[in-house]
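Q: Before we start, here is the structure in question, set down as structure tokens.
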Amino acid sequence: MKKERFSWKFYRFYAEKIYPGLKRAVDFVLKYSGIKYLLGRFARLPIKTRKAITGYLYILPWLVGLALFGIRPIIRGARMALADFAGSKAIVDGDTARTVFIIDGFSLAQFKQLFEKNPDHVEAILTHLGNSLLIVPLVLVFSLLLALLLNRKIKGIKIFRTIFFIPVILLSGNLINYLSRYELLTVPALTGEQIRGFIAFYLPGSFADVILAAFAKVVLILWLGGVQTLIFLAGLQKQNRQTYEAAAIDGASPWEMFWKITFPALFPLMMINVVYTTVLYANLDNPVSAVISGAIAAPDYGRDYASAVAWILFAIELVVIGFYLLLLKLANKRYQ
Amino acid sequence: MKKERKQNIKKLLWGSRGEGGIVRLTAMYALLAGISFIFLYPLLQMIANSFMSLEDLIDPTVIWLPSKLVFGNYQKAIEVLNYWKVLRVSITVALWPTIIGVASSAVIGYGFARHDFPGKKVWLFILVAVFLLPTLLMSIPTYVIYNELKMLESLKAYIYPALTGFGLRQSVFILIFYQFFRMVPSELCESAEVDGANSAQVFFKIAIPMVIPAFIICVLYSFVWYWNETTLAITYFKGKYTTLQIALSQFESIYRHLFPSGNIGLGSANEMFNQGVLFAGTTLSILPLIILYIFTQRWFVESADRAGIAGE
């Protein structure tokens with residue numbers, strides 16, 4: 001005979017003795033704490049008001065977080081960047097010594113220090129601006145091409161998809177750092193002398209420079225585009241096959257179809273991807289973030305100076321995003 | 001007759017509309033294989049180098065395959081990283097904020113997606129704006145505030161923000177849940193409400209089972225991002241918790257401390273030797289993620305297909 005795992009005896013005891021008692025206790029608390037009254041009032045409210053209140057209850061954690069970890073750091077960061085001095089200071093109070101964080105003065109001293117005394121930091125900022133302006137469109141184009149390729153329904157495409165999304169998992173500052181330090185982010189075959197000579201010979205100067213710079217960063221560009229490829233792929237798979245068939249019957253070439261059908265449909269996703277790429281690149285290890293992390297630890301700069309540079313990093317982000325969103329808008333208007 | 005045969009061959013090679021011919025397919029596979037190679041090149045090279053002996057690393061003729069497999073690099077890397085202990089810490093540090101953060105993102109995302117309330121657009125705008133701020137910009141004053149709230153040097157520094165929707169890039173997860181919850185047909189929720197279910201019951205019994213893919217995406221991304229985070233982990237934990245990434249960033253100094261005899265040899269030879277062990281360490285640090293990816297890639301790639309991340 002198998003032993004029963006469920007004890008009826010205990011269940012009966014629970015149902016007859018414990019449960020009614022518990023229920024009475026809960027009712028008692030609800031009634032005399034006024035919660036029951038409030039719930040009754042709440043149930044009689046119009047449905048719209050009720051929805052609004054429950055909505056606010058759901059996002060309440062986020063609002064608390066915004067008050068604690070969202071707004072405060074932003075105000076504090078702005079205040080630190082505009083201070084003469086912000087940092088820890090040791091205060092000796094009788095026998096006990098303690099460190100206090102103080103923010104002192106109100107001026108543009110940090111920005112002055114940056115632009116007047118540290119030309120190498122200004123150079124890092126300009127390098128980052130240039131890099132972002134170069135990398136964002138390249139990542140965008142590559143991820144779009146990859147998504148178009150991966151959207152094909154051919155045998156074994158799943159294997160390729162699995163491979164192409166590996167970087168999304170692995171992309172981290174440390175890894176990129178080590179790989180770039182040992183020059184593993186450039187594929188030797190693409191930066192060899194012959195290809196270099198070929199491109200420099202057949203393409204006009206500045207354009208060839210851009211292409212060569214892209215080749216030197218090819219792995220980084222492809223790796224940065226993982227999530228964007230996913231987003232484009234999702235957008236492409238949503239598209240209607242019949243539109244393409246109809247266009248093909250009307251005699252449209254693939255090129256025309258891309259610009260008239262695919263491009264406008266993917267346009268909102270492109271805007272998302274411009275923003276995402278810029279933010280991703282700003283948060284990875286770049287010249288400016290190296291300056292900031294260095295400044296936090298360095299005794300003659302400190303957190304006030306680091307905050308000022310961090311705001312400039314944000315300004316660069318906004319400039320790059322603004323520039324490319326404007327460009328996209330213009331392109332969209334042109335092809336509409 | 002002849003013309004027809006010619007056309008058939010042409011069709012076989014170039015394909016007709018909608019179907020690829022041999023030439024087209026070959027070209028596409030070649031392109032895909034080429035790009036795959038570029039994608040995997042740094043990883044393969046790194047793994048290959050991690051098995052190389054000192055002689056192989058110096059020898060310029062040895063590029064891909066080591067002349068003999070050397071596991072010494074891994075032994076040393078495990079010793080330098082203190083691997084098994086640090087691995088456990090890493091998993092703890094990444095897992096708890098992930099679970100808590102994804103749960104809170106789901107609740108917040110549901111609040112935004114399924115309720116109309118005054119000021120919703122403003123809050124959504126702020127949600128996106130927070131994502132735009134560089135992590136470094138926020139991390140400097142955040143450090144000061146965490147210090148005031150006594151959250152440093154403990155997991156609180158990760159868990160409290162995750163609980164309130166301000167964890168690592170959590171705006172993205174809230175937006176993903178927002179998109180997924182909006183795709184749940186509203187008739188389902190309404191009919192349940194008519195039947196007398198309250199808001200919490202609708203949320204748990206109807207809405208959540210329909211957005212399981214969103215949970216999978218968010219858990220994966222969140223885990224990976226917490227796992228890979230280095231700078232924040234160093235500043236917040238101050239050495240209380242050493243994750244794999246932190247150990248990796250301090251790899252060289254620990255290595256020189258543990259194996260000082262290496263410094264006596266030739267400068268460049270020592271550097272190269274270091275490199276083999278360093279690559280072994282880097283491989284070890286991403287190995288758990290690769291294993292995780294192998295097990296979850298099916299859901300990962302498929303759930304991406306469901307158009308969840310993409311906007312409306």
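Numbering starts fresh at 1 for the residues of each chain in the structure tokens, the chains themselves are lettered A, B, ... in the order given, and ligands are numbered from 1 as they appear.
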Taking only C-alpha atoms into account, what are the residues of chain B at most 6 Å from chain A, put as a list of chain:residue names?

A: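 My answer is B:Pro42, B:Val107, B:Ile108, B:Gly111, B:His115, B:Asp116, B:Phe117, B:Leu137, B:Pro141, B:Thr142, B:Thr164, B:Gly165, B:Asn228, B:Asp305, B:Ala307, B:Ala310.
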
Q: Keeping only C-alpha atoms, write the selected residues as a short mmCIF file (atom, residue, chain, number, x, y, z; two decimals), in the first residue's frame.

A:
data_model
loop_
_atom_site.label_atom_id
_atom_site.label_comp_id
_atom_site.auth_asym_id
_atom_site.auth_seq_id
_atom_site.Cartn_x
_atom_site.Cartn_y
_atom_site.Cartn_z
CA PRO B 42 38.56 37.40 -32.52
CA VAL B 107 4.94 45.25 -13.12
CA ILE B 108 5.98 48.74 -14.27
CA GLY B 111 1.19 49.69 -15.50
CA HIS B 115 -3.71 51.78 -17.90
CA ASP B 116 -4.54 55.31 -18.90
CA PHE B 117 -3.67 57.91 -16.35
CA LEU B 137 27.43 60.59 -15.97
CA PRO B 141 26.63 61.35 -8.29
CA THR B 142 24.91 57.98 -7.83
CA THR B 164 12.54 50.34 -8.42
CA GLY B 165 13.20 50.15 -12.13
CA ASN B 228 29.70 41.91 -17.96
CA ASP B 305 11.53 36.96 -34.38
CA ALA B 307 8.61 41.37 -33.35
CA ALA B 310 10.46 46.41 -32.59
#

Q: I want to know what sits within 9 Å of Lys36 (chain A), based on only C-alpha atoms, with residues of the same chain fewer than 6 positions away left out; could you give that as a list in words?

A: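 Surrounding residues, per the criterion: Asp27, Val29 and Leu30 of chain A.
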
Q: Just write the chosen residues, C-alpha atoms, as a compact mmCIF listing (two decimals), in the first residue's frame.

A:
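again12.txt, written as the output of this step:
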# COMPACT_ATOMS: atom_id res chain seq x y z
CA ASP A 27 -11.52 40.82 8.42
CA VAL A 29 -7.84 44.13 10.79
CA LEU A 30 -9.33 45.30 7.48

Q: Could you pull the residues within 9 Å of Val102 (chain B), counting only C-alpha atoms, minus those fewer than 4 positions along the same chain, as a VMD selection string?

A: chain B and resid 97 to 98 106 to 107 162 to 163 165 170 173 to 174 215 218 to 219 222
